[in-house]
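Asker: Below you'll find the structure I mean.
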Amino acid sequence: MHSDPKDLLQLKERYEQDGVVHVPGLVSTEGINDLLSWVDEISNSSTLGRHYFESTAHGRVKARTEDFAKHHTPMHDFLTQGRVPKLLEALFGEPPVLFKEKINYKHPGAAGYAPHQDAPAYPFGSLHITMLLALDAADASNGCLEFAKAAHQQGVIAVNADGCLPMEQASQLAWTSMPVAAGDAVFFNSYAPHRSGTNRSDRSRRALYVTYNASSEGNLRSDYYDHKKEALAQGRVSLINHFLGEDVS
């Protein structure tokens with residue numbers, strides 16, 4: 001799927017126009033089962049990644065795991081070989097380099113994220129593309145992403161004290177919900193404004209969020225993670241304060 005040059009060209013045209021493009025069925029059911037098995041291995045390990053937690057009405061739950069690919073060979077190979085980097089090469093116009101990766105679990109009751117652009121949270125590199133790969137179906141009830149399409153063309157719009165879009169700017173944007181099925185992917189660049197709501201359902205909304213930079217900018221992964229570890233207080237999930245939940249250690 002999406003390997004034909006014509007398909008890749010259409011994909012790139014939609015991405016460049018909107019700053020975001022939905023790719024249904026990127027991963028098969030069998031492939032998702034493999035990914036879920038790997039996610040369980042990573043989530044249940046104290047050594048395969050860095051875990052973050054949040055407080056919900058259901059108690060303390062895992063919110064995010066990141067920086068795990070280098071410790072998990074099957075996941076690393078999936079993210080850096082085959083279909084995923086081929087699609088990203090079409091979007092970048094050159095080969096991609098893995099910048100960072102995370103699993104967002106968004107269990108029932110888990111909080112959403114305020115309107116923001118990723119660029120202010122990425123101090124290394126000039127342009128990044130993130131792949132959201134849905135491990136569970138997501139819609140408005142369990143907090144799917146919403147995008148302000150085409151607003152990426154403005155560059156960094158504005159930031160408030162939290163590094164997010166000020167309310168007055170966010171309210172002027174036209175937001176489009178992006179429901180996904182398990183196995184769907186959404187590619188968006190670091191200037192595409194997005195947000196998500198609380199999971200008000202009884203279903204988790206697990207997803208991989210994997211960010212890449214263009215190979216011409218070099219391998220920035222260690223610089224980013226070293227900086228993040230130094231800059232963040234314990235428990236905080238990001239370099240910007242867009243998470244709307246209660247971080248707990």
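Quick note on naming: the chains in the structure tokens go A, B, ... in the order shown, residues restart at 1 in each chain, and ligands are numbered from 1 in order of appearance.
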Dump as a tab-separated table the rows for residues of segment 176-239 of chain A within 9 Å of segment 25-34 of chain A: closest atom pair and distance in Å with one decimal, only C-alpha atoms counted, ordered by chain and rising residue number.
Answerer:
residue	atom	partner	partner_atom	distance
A:Ala181	CA	A:Gly25	CA	7.9
A:Ala182	CA	A:Ile32	CA	7.4
A:Gly183	CA	A:Val27	CA	4.6
A:Asp184	CA	A:Gly25	CA	4.7
A:Ala185	CA	A:Leu26	CA	6.1
Asker: For N, CA, C and O atoms, I'd like the residues from the last selection saved as a tab-separated table (two decimals), in the first residue's frame.
Answerer:
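Result file selection_5.tsv:
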chain	number	residue	atom	x	y	z
A	181	ALA	N	-8.58	3.99	12.98
A	181	ALA	CA	-8.72	2.58	13.33
A	181	ALA	C	-7.35	2.05	13.71
A	181	ALA	O	-6.32	2.61	13.31
A	182	ALA	N	-7.32	0.96	14.46
A	182	ALA	CA	-6.04	0.32	14.77
A	182	ALA	C	-5.33	-0.04	13.46
A	182	ALA	O	-5.93	-0.61	12.55
A	183	GLY	N	-4.07	0.35	13.35
A	183	GLY	CA	-3.29	0.11	12.13
A	183	GLY	C	-3.19	1.32	11.23
A	183	GLY	O	-2.35	1.35	10.33
A	184	ASP	N	-4.04	2.32	11.45
A	184	ASP	CA	-3.94	3.57	10.69
A	184	ASP	C	-2.75	4.38	11.19
A	184	ASP	O	-2.36	4.31	12.36
A	185	ALA	N	-2.22	5.20	10.29
A	185	ALA	CA	-1.16	6.14	10.66
A	185	ALA	C	-1.57	7.55	10.27
A	185	ALA	O	-2.34	7.76	9.33
Asker: Considering only strand (DSSP E or B) as DSSP defines it on the backbone, what residues of segment 121-222 of chain A qualify? List them as a ChimeraX atom specification.
Answerer: /A:128-134,138,145-147,176-177,180,185-189,194-196,207-214
Asker: Emit the selected residues as a CSV table (one decimal), in the first residue's frame, including C-alpha atoms.
Answerer:
chain,number,residue,atom,x,y,z
A,128,HIS,CA,10.3,17.2,12.2
A,129,ILE,CA,7.6,14.8,11.0
A,130,THR,CA,5.8,12.6,13.5
A,131,MET,CA,4.0,9.4,12.8
A,132,LEU,CA,1.0,8.6,15.0
A,133,LEU,CA,0.4,4.9,14.6
A,134,ALA,CA,-2.9,3.8,16.2
A,138,ALA,CA,-9.6,6.4,18.5
A,145,LEU,CA,-6.2,14.0,17.9
A,146,GLU,CA,-7.6,17.1,16.3
A,147,PHE,CA,-5.7,19.2,13.8
A,176,THR,CA,-10.7,18.8,12.4
A,177,SER,CA,-11.1,15.6,14.4
A,180,VAL,CA,-8.4,6.4,13.4
A,185,ALA,CA,-1.2,6.1,10.7
A,186,VAL,CA,-1.2,9.9,10.7
A,187,PHE,CA,1.9,11.9,9.6
A,188,PHE,CA,2.1,15.5,10.7
A,189,ASN,CA,4.9,18.1,10.8
A,194,HIS,CA,-3.0,19.8,17.3
A,195,ARG,CA,-4.8,18.9,20.5
A,196,SER,CA,-6.7,16.1,22.1
A,207,ALA,CA,-0.7,4.9,20.1
A,208,LEU,CA,2.9,5.1,19.0
A,209,TYR,CA,4.2,8.7,18.3
A,210,VAL,CA,7.5,8.5,16.5
A,211,THR,CA,9.3,11.6,15.4
A,212,TYR,CA,11.9,11.9,12.7
A,213,ASN,CA,14.2,14.6,11.2
A,214,ALA,CA,15.7,14.8,7.8
Asker: Between atom CA of Glu101 of chain A and atom CA of Arg221 of chain A, what distance in Å does the model show, to one decimal?
Answerer: 9.7 Å
Asker: Quick one: residues within 12 Å of Pro120 of chain A, only C-alpha atoms counted, chain neighbours fewer than 5 positions away excluded, as a ChimeraX atom specification?
Answerer: /A:125-128,155-165,190-193,238-242
Asker: Output as CSV one row per residue of segment 26-136 of chain A within 10 Å of segment 8-15 of chain A: the closest atom pair and its distance in Å to one decimal place, counting only C-alpha atoms, sorted by chain and residue number ascending.
Answerer:
residue,atom,partner,partner_atom,distance
A:Lys86,CA,A:Leu8,CA,9.3
A:Leu87,CA,A:Leu8,CA,7.2
A:Leu88,CA,A:Lys12,CA,9.4
A:Glu89,CA,A:Leu8,CA,9.7
A:Ala90,CA,A:Leu8,CA,6.4
A:Leu91,CA,A:Lys12,CA,5.3
A:Phe92,CA,A:Lys12,CA,8.7
A:Gly93,CA,A:Lys12,CA,9.2
Asker: Keeping only all heavy atoms, write the selected residues to a file as an mmCIF file, in the first residue's frame.
Answerer:
data_model
loop_
_atom_site.group_PDB
_atom_site.id
_atom_site.type_symbol
_atom_site.label_atom_id
_atom_site.label_comp_id
_atom_site.auth_asym_id
_atom_site.auth_seq_id
_atom_site.Cartn_x
_atom_site.Cartn_y
_atom_site.Cartn_z
ATOM 1 N N LYS A 86 10.165 4.554 4.198
ATOM 2 C CA LYS A 86 9.917 4.840 2.774
ATOM 3 C C LYS A 86 8.884 5.951 2.618
ATOM 4 O O LYS A 86 9.048 6.859 1.795
ATOM 5 C CB LYS A 86 9.458 3.571 2.062
ATOM 6 C CG LYS A 86 9.278 3.754 0.565
ATOM 7 C CD LYS A 86 9.057 2.441 -0.150
ATOM 8 C CE LYS A 86 9.025 2.633 -1.665
ATOM 9 N NZ LYS A 86 8.888 1.365 -2.388
ATOM 10 N N LEU A 87 7.808 5.885 3.401
ATOM 11 C CA LEU A 87 6.806 6.949 3.367
ATOM 12 C C LEU A 87 7.400 8.274 3.829
ATOM 13 O O LEU A 87 7.150 9.331 3.240
ATOM 14 C CB LEU A 87 5.621 6.577 4.245
ATOM 15 C CG LEU A 87 4.633 5.554 3.672
ATOM 16 C CD1 LEU A 87 3.612 5.158 4.731
ATOM 17 C CD2 LEU A 87 3.929 6.109 2.454
ATOM 18 N N LEU A 88 8.193 8.222 4.892
ATOM 19 C CA LEU A 88 8.789 9.452 5.415
ATOM 20 C C LEU A 88 9.777 10.063 4.426
ATOM 21 O O LEU A 88 9.863 11.289 4.306
ATOM 22 C CB LEU A 88 9.482 9.161 6.744
ATOM 23 C CG LEU A 88 8.518 8.997 7.912
ATOM 24 C CD1 LEU A 88 9.127 8.162 9.018
ATOM 25 C CD2 LEU A 88 8.098 10.364 8.450
ATOM 26 N N GLU A 89 10.498 9.220 3.704
ATOM 27 C CA GLU A 89 11.422 9.745 2.698
ATOM 28 C C GLU A 89 10.655 10.508 1.622
ATOM 29 O O GLU A 89 11.115 11.553 1.132
ATOM 30 C CB GLU A 89 12.236 8.611 2.078
ATOM 31 C CG GLU A 89 13.263 9.108 1.072
ATOM 32 C CD GLU A 89 14.261 8.035 0.651
ATOM 33 O OE1 GLU A 89 14.174 6.897 1.165
ATOM 34 O OE2 GLU A 89 15.132 8.339 -0.184
ATOM 35 N N ALA A 90 9.477 10.018 1.269
ATOM 36 C CA ALA A 90 8.652 10.731 0.287
ATOM 37 C C ALA A 90 8.214 12.087 0.829
ATOM 38 O O ALA A 90 8.158 13.080 0.094
ATOM 39 C CB ALA A 90 7.442 9.888 -0.093
ATOM 40 N N LEU A 91 7.891 12.156 2.134
ATOM 41 C CA LEU A 91 7.424 13.416 2.724
ATOM 42 C C LEU A 91 8.559 14.408 2.928
ATOM 43 O O LEU A 91 8.401 15.605 2.689
ATOM 44 C CB LEU A 91 6.724 13.131 4.055
ATOM 45 C CG LEU A 91 5.487 12.227 3.990
ATOM 46 C CD1 LEU A 91 4.873 12.052 5.373
ATOM 47 C CD2 LEU A 91 4.455 12.761 3.012
ATOM 48 N N PHE A 92 9.709 13.929 3.394
ATOM 49 C CA PHE A 92 10.868 14.805 3.614
ATOM 50 C C PHE A 92 11.553 15.198 2.308
ATOM 51 O O PHE A 92 12.165 16.260 2.209
ATOM 52 C CB PHE A 92 11.913 14.104 4.486
ATOM 53 C CG PHE A 92 11.712 14.249 5.971
ATOM 54 C CD1 PHE A 92 11.505 13.132 6.765
ATOM 55 C CD2 PHE A 92 11.764 15.487 6.580
ATOM 56 C CE1 PHE A 92 11.343 13.250 8.136
ATOM 57 C CE2 PHE A 92 11.609 15.623 7.954
ATOM 58 C CZ PHE A 92 11.398 14.497 8.733
ATOM 59 N N GLY A 93 11.509 14.286 1.315
ATOM 60 C CA GLY A 93 12.308 14.483 0.118
ATOM 61 C C GLY A 93 13.724 13.992 0.293
ATOM 62 O O GLY A 93 14.584 14.226 -0.566
#
Asker: Determine which residues of segment 73-248 of chain A receive a DSSP assignment of alpha helix (DSSP H), computed from the backbone, and state them as a ChimeraX atom specification.
Answerer: /A:73-80,83-92,167-170,221-231
Asker: Any chance you can output those residues with N, CA and C atoms as a short mmCIF file (atom, residue, chain, number, x, y, z; two decimals), in the first residue's frame?
Answerer:
data_model
loop_
_atom_site.label_atom_id
_atom_site.label_comp_id
_atom_site.auth_asym_id
_atom_site.auth_seq_id
_atom_site.Cartn_x
_atom_site.Cartn_y
_atom_site.Cartn_z
N THR A 73 15.14 -4.38 19.76
CA THR A 73 15.53 -4.54 18.35
C THR A 73 14.34 -4.67 17.40
N PRO A 74 13.32 -5.49 17.68
CA PRO A 74 12.20 -5.58 16.73
C PRO A 74 11.49 -4.24 16.52
N MET A 75 11.28 -3.48 17.60
CA MET A 75 10.63 -2.18 17.46
C MET A 75 11.53 -1.23 16.68
N HIS A 76 12.81 -1.23 16.98
CA HIS A 76 13.74 -0.35 16.28
C HIS A 76 13.75 -0.66 14.78
N ASP A 77 13.77 -1.95 14.44
CA ASP A 77 13.78 -2.33 13.02
C ASP A 77 12.50 -1.89 12.33
N PHE A 78 11.37 -2.06 13.00
CA PHE A 78 10.09 -1.64 12.40
C PHE A 78 10.08 -0.14 12.12
N LEU A 79 10.64 0.65 13.03
CA LEU A 79 10.60 2.12 12.90
C LEU A 79 11.64 2.66 11.93
N THR A 80 12.65 1.88 11.60
CA THR A 80 13.76 2.41 10.79
C THR A 80 13.97 1.65 9.49
N ARG A 83 8.47 -0.02 5.26
CA ARG A 83 7.41 0.87 4.79
C ARG A 83 7.44 2.25 5.46
N VAL A 84 7.68 2.29 6.78
CA VAL A 84 7.60 3.57 7.48
C VAL A 84 8.65 4.56 6.98
N PRO A 85 9.95 4.21 6.96
CA PRO A 85 10.91 5.18 6.44
C PRO A 85 10.73 5.51 4.96
N LYS A 86 10.16 4.55 4.20
CA LYS A 86 9.92 4.84 2.77
C LYS A 86 8.88 5.95 2.62
N LEU A 87 7.81 5.89 3.40
CA LEU A 87 6.81 6.95 3.37
C LEU A 87 7.40 8.27 3.83
N LEU A 88 8.19 8.22 4.89
CA LEU A 88 8.79 9.45 5.41
C LEU A 88 9.78 10.06 4.43
N GLU A 89 10.50 9.22 3.70
CA GLU A 89 11.42 9.75 2.70
C GLU A 89 10.66 10.51 1.62
N ALA A 90 9.48 10.02 1.27
CA ALA A 90 8.65 10.73 0.29
C ALA A 90 8.21 12.09 0.83
N LEU A 91 7.89 12.16 2.13
CA LEU A 91 7.42 13.42 2.72
C LEU A 91 8.56 14.41 2.93
N PHE A 92 9.71 13.93 3.39
CA PHE A 92 10.87 14.80 3.61
C PHE A 92 11.55 15.20 2.31
N MET A 167 -4.97 30.87 24.08
CA MET A 167 -6.38 30.56 23.84
C MET A 167 -6.96 31.39 22.70
N GLU A 168 -6.57 32.67 22.62
CA GLU A 168 -7.15 33.51 21.58
C GLU A 168 -6.74 33.06 20.18
N GLN A 169 -5.48 32.59 20.04
CA GLN A 169 -5.04 32.08 18.74
C GLN A 169 -5.71 30.74 18.44
N ALA A 170 -5.77 29.85 19.42
CA ALA A 170 -6.35 28.53 19.20
C ALA A 170 -7.82 28.62 18.81
N ARG A 221 19.20 12.57 18.00
CA ARG A 221 18.49 11.85 19.06
C ARG A 221 19.14 12.00 20.43
N SER A 222 20.43 11.74 20.52
CA SER A 222 21.12 11.83 21.82
C SER A 222 21.08 13.25 22.36
N ASP A 223 21.27 14.24 21.47
CA ASP A 223 21.22 15.64 21.91
C ASP A 223 19.86 15.94 22.55
N TYR A 224 18.79 15.48 21.90
CA TYR A 224 17.45 15.75 22.40
C TYR A 224 17.23 15.09 23.76
N TYR A 225 17.50 13.80 23.86
CA TYR A 225 17.20 13.10 25.11
C TYR A 225 18.11 13.56 26.25
N ASP A 226 19.37 13.87 25.96
CA ASP A 226 20.26 14.40 27.00
C ASP A 226 19.73 15.73 27.52
N HIS A 227 19.31 16.57 26.60
CA HIS A 227 18.77 17.88 26.98
C HIS A 227 17.50 17.73 27.81
N LYS A 228 16.62 16.82 27.39
CA LYS A 228 15.35 16.65 28.09
C LYS A 228 15.58 16.15 29.51
N LYS A 229 16.49 15.22 29.69
CA LYS A 229 16.76 14.69 31.03
C LYS A 229 17.30 15.77 31.96
N GLU A 230 18.09 16.68 31.41
CA GLU A 230 18.65 17.76 32.22
C GLU A 230 17.62 18.84 32.51
N ALA A 231 16.73 19.09 31.55
CA ALA A 231 15.84 20.25 31.65
C ALA A 231 14.57 19.99 32.44
#
